[in-house]
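> Here it is, the structure, as structure tokens.
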Amino acid sequence: MRILNYMELKIPSKSQNEAFARVAVAAFVAQLDPTLDEVTEIKTAVSEAVTNSIIHAYEDKIGEIIIKGKIYENFVVEIEVIDFGKGIEDVELARQPLFTTKPDEERSGMGFTVMETFMDKVEVTSEVGRGTCVRMFKAIKKRKSEGVEIEQSFPGGIDK
Amino acid sequence: MDFEAIMMEGTLILKIRGELDQYNADRFRLRFDMKIVSPEVQKVVIDISELTFMDSSGVGFLVGRFKTARAFAKELVLVCSSSYINRLLSTCGIEKLIKKYTTIDEALS
């Protein structure tokens, strides 16, 4: 699949950067003319992934978070959120609804569930002591100005 | 994010505007709890209809305030008319825990 456009963003894991990261991704995606709902869903998923890196990967330390965006020719958006923090021991367990390693800190344990609900495909790769990469795809199904439905496929096939 | 607090015959209405994420949850947690535990408050209504953004950290924040209210034997309910935030709340299953209304009038009655 041909990539039409891409971007890369590097930020320190400060929680005031959550808003910056999601707004930057929303601005990048805007060129596809998505609906407001689609933009909000992407912003929410980015916010979840970046918050996970800040709270869980780096905990009390400040580390680097890299956010990559790609736009494919079939109006599919790919967003990667990468950190070099402590990593996730059991990714399958971490993806379960309500699972949290920090129950005393008002963590809802719903971050991955929200990403999976609002995006079309979510892949998580992690290595303990090395870091985590969350790769998410979303098909922009209806362009706001045209109101037409578009047929799409994801790199590696649709897997929700 | 900012908020407005209104007292009406023992009911504290907390109207939140802006974006409720991890950053703002950390900034506002204590200020909300101090208002909720105040002795003249019997019931708490948190109005999130005017939020422009919320993620699961915001859901954690609302559940946290619900638990504060419950620890002091006070009722806490939500008002939300935003379809996006309602979808987020139902994804997180918050309706099983906290009562939700679409208008302040309904929440007060």
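Ordering of the structure tokens sets the chain letters (A, B, ...), residue numbers begin anew at 1 in every chain, and ligands are numbered from 1 in the order given.
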Please identify all residues of chain B having at least one atom at most 6 Å from any atom of chain A, considering only C-alpha atoms, and return them as a count of residues only.

5

> Using only C-alpha atoms, determine which residues lie at most 12 Å from Ile85 (chain B), disregarding the query and same-chain residues fewer than 4 positions distant; provide the list as an MDAnalysis selection string.

(chainID A and resid 37 40:41 44 114) or (chainID B and resid 19:20 47:56 58:59 78:81 89:92 94 100 102)

> Using DSSP assignments from the backbone, pull out every residue in region 65-125 of chain A that falls under helix (DSSP H, G or I) and give it to me as a list in words.

Val91, Glu92, Leu93, Ala94, Pro103, Asp104, Glu105, Gly111, Phe112, Thr113, Val114, Met115, Glu116, Thr117 and Phe118 of chain A

> Check chain A with DSSP on the backbone and list each residue it calls strand (DSSP E or B), as a PyMOL selection string.

chain A and resi 3-12+64-72+76-83+121-127+131-139+142+149

> I need the residues from that last selection saved to file as a CSV table (one decimal), in the first residue's frame (with N, CA and C atoms), if you can.


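Produced file out-v6.csv, reproduced below:
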chain,number,residue,atom,x,y,z
A,3,ILE,N,2.2,4.9,0.7
A,3,ILE,CA,2.0,5.9,1.7
A,3,ILE,C,2.0,7.3,1.1
A,4,LEU,N,0.9,8.0,1.4
A,4,LEU,CA,0.8,9.4,0.8
A,4,LEU,C,1.4,10.5,1.6
A,5,ASN,N,1.5,10.3,2.9
A,5,ASN,CA,2.1,11.3,3.7
A,5,ASN,C,2.5,10.7,5.1
A,6,TYR,N,3.4,11.3,5.8
A,6,TYR,CA,3.8,10.8,7.1
A,6,TYR,C,4.3,11.9,8.0
A,7,MET,N,4.4,11.6,9.2
A,7,MET,CA,4.9,12.6,10.2
A,7,MET,C,5.5,11.8,11.4
A,8,GLU,N,6.4,12.5,12.1
A,8,GLU,CA,7.0,12.0,13.3
A,8,GLU,C,7.2,13.1,14.3
A,9,LEU,N,6.9,12.7,15.5
A,9,LEU,CA,6.9,13.7,16.6
A,9,LEU,C,7.6,13.1,17.8
A,10,LYS,N,8.5,13.9,18.5
A,10,LYS,CA,9.2,13.4,19.6
A,10,LYS,C,8.9,14.3,20.8
A,11,ILE,N,8.4,13.7,21.9
A,11,ILE,CA,8.0,14.6,23.1
A,11,ILE,C,8.5,13.9,24.4
A,12,PRO,N,8.8,14.7,25.4
A,12,PRO,CA,9.1,14.1,26.7
A,12,PRO,C,7.8,13.7,27.3
A,64,GLU,N,11.4,9.6,26.5
A,64,GLU,CA,11.0,10.1,25.2
A,64,GLU,C,9.8,9.2,24.7
A,65,ILE,N,8.9,9.9,24.1
A,65,ILE,CA,7.8,9.2,23.4
A,65,ILE,C,7.8,9.7,21.9
A,66,ILE,N,7.8,8.7,21.0
A,66,ILE,CA,7.8,9.0,19.6
A,66,ILE,C,6.4,8.7,19.0
A,67,ILE,N,5.8,9.6,18.3
A,67,ILE,CA,4.5,9.4,17.7
A,67,ILE,C,4.7,9.5,16.2
A,68,LYS,N,4.3,8.5,15.5
A,68,LYS,CA,4.5,8.5,14.1
A,68,LYS,C,3.1,8.4,13.4
A,69,GLY,N,2.9,9.1,12.4
A,69,GLY,CA,1.6,9.0,11.6
A,69,GLY,C,1.9,8.7,10.2
A,70,LYS,N,1.0,7.9,9.6
A,70,LYS,CA,1.1,7.6,8.1
A,70,LYS,C,-0.3,7.6,7.5
A,71,ILE,N,-0.4,8.2,6.3
A,71,ILE,CA,-1.7,8.1,5.6
A,71,ILE,C,-1.5,7.3,4.4
A,72,TYR,N,-2.2,6.3,4.2
A,72,TYR,CA,-2.2,5.4,3.1
A,72,TYR,C,-3.1,5.9,2.0
A,76,VAL,N,-6.6,5.1,4.8
A,76,VAL,CA,-6.3,4.5,6.1
A,76,VAL,C,-5.2,5.3,6.8
A,77,VAL,N,-5.5,5.6,8.1
A,77,VAL,CA,-4.5,6.3,9.0
A,77,VAL,C,-3.8,5.3,9.9
A,78,GLU,N,-2.5,5.3,10.0
A,78,GLU,CA,-1.7,4.5,10.9
A,78,GLU,C,-1.1,5.4,11.9
A,79,ILE,N,-1.2,5.1,13.2
A,79,ILE,CA,-0.6,5.9,14.2
A,79,ILE,C,0.2,5.0,15.1
A,80,GLU,N,1.5,5.3,15.3
A,80,GLU,CA,2.3,4.5,16.3
A,80,GLU,C,2.7,5.4,17.4
A,81,VAL,N,2.6,4.8,18.6
A,81,VAL,CA,3.1,5.5,19.8
A,81,VAL,C,4.1,4.6,20.5
A,82,ILE,N,5.4,5.1,20.5
A,82,ILE,CA,6.5,4.3,20.9
A,82,ILE,C,7.2,4.9,22.1
A,83,ASP,N,7.4,4.0,23.1
A,83,ASP,CA,8.2,4.5,24.3
A,83,ASP,C,9.4,3.6,24.5
A,121,LYS,N,-8.0,-1.3,14.2
A,121,LYS,CA,-7.1,-2.4,14.5
A,121,LYS,C,-6.0,-1.8,15.4
A,122,VAL,N,-5.6,-2.6,16.5
A,122,VAL,CA,-4.6,-2.2,17.4
A,122,VAL,C,-3.6,-3.3,17.6
A,123,GLU,N,-2.4,-3.0,17.4
A,123,GLU,CA,-1.3,-4.0,17.7
A,123,GLU,C,-0.4,-3.5,18.8
A,124,VAL,N,-0.1,-4.4,19.7
A,124,VAL,CA,0.8,-3.9,20.8
A,124,VAL,C,2.0,-4.9,20.8
A,125,THR,N,3.2,-4.3,20.7
A,125,THR,CA,4.4,-5.1,20.9
A,125,THR,C,5.2,-4.5,22.1
A,126,SER,N,5.8,-5.3,22.9
A,126,SER,CA,6.4,-4.8,24.1
A,126,SER,C,7.5,-5.7,24.5
A,127,GLU,N,8.6,-5.2,25.1
A,127,GLU,CA,9.6,-6.0,25.6
A,127,GLU,C,10.0,-5.4,27.0
A,131,GLY,N,10.8,-1.3,26.2
A,131,GLY,CA,9.8,-0.4,25.7
A,131,GLY,C,8.6,-1.0,25.1
A,132,THR,N,7.7,-0.1,24.6
A,132,THR,CA,6.4,-0.6,24.0
A,132,THR,C,6.1,0.2,22.8
A,133,CYS,N,5.5,-0.5,21.8
A,133,CYS,CA,5.0,0.2,20.6
A,133,CYS,C,3.5,-0.2,20.4
A,134,VAL,N,2.7,0.8,20.4
A,134,VAL,CA,1.2,0.6,20.1
A,134,VAL,C,1.0,1.1,18.6
A,135,ARG,N,0.5,0.3,17.8
A,135,ARG,CA,0.3,0.6,16.4
A,135,ARG,C,-1.2,0.5,16.1
A,136,MET,N,-1.8,1.6,15.7
A,136,MET,CA,-3.2,1.6,15.5
A,136,MET,C,-3.6,2.1,14.1
A,137,PHE,N,-4.7,1.5,13.6
A,137,PHE,CA,-5.1,1.8,12.2
A,137,PHE,C,-6.6,2.3,12.3
A,138,LYS,N,-6.9,3.3,11.5
A,138,LYS,CA,-8.3,3.7,11.4
A,138,LYS,C,-8.6,4.0,9.9
A,139,ALA,N,-9.7,3.5,9.4
A,139,ALA,CA,-10.1,3.8,8.1
A,139,ALA,C,-11.0,5.0,8.1
A,142,LYS,N,-15.9,8.0,5.9
A,142,LYS,CA,-16.8,8.9,5.2
A,142,LYS,C,-16.2,10.3,5.2
A,149,GLU,N,-19.1,6.7,1.1
A,149,GLU,CA,-18.4,5.6,1.8
A,149,GLU,C,-17.3,5.1,0.9

> Record the distance separating CA of Ala57 (chain A) and CA of Gly87 (chain A), expressed in Å with one decimal.

6.1 Å
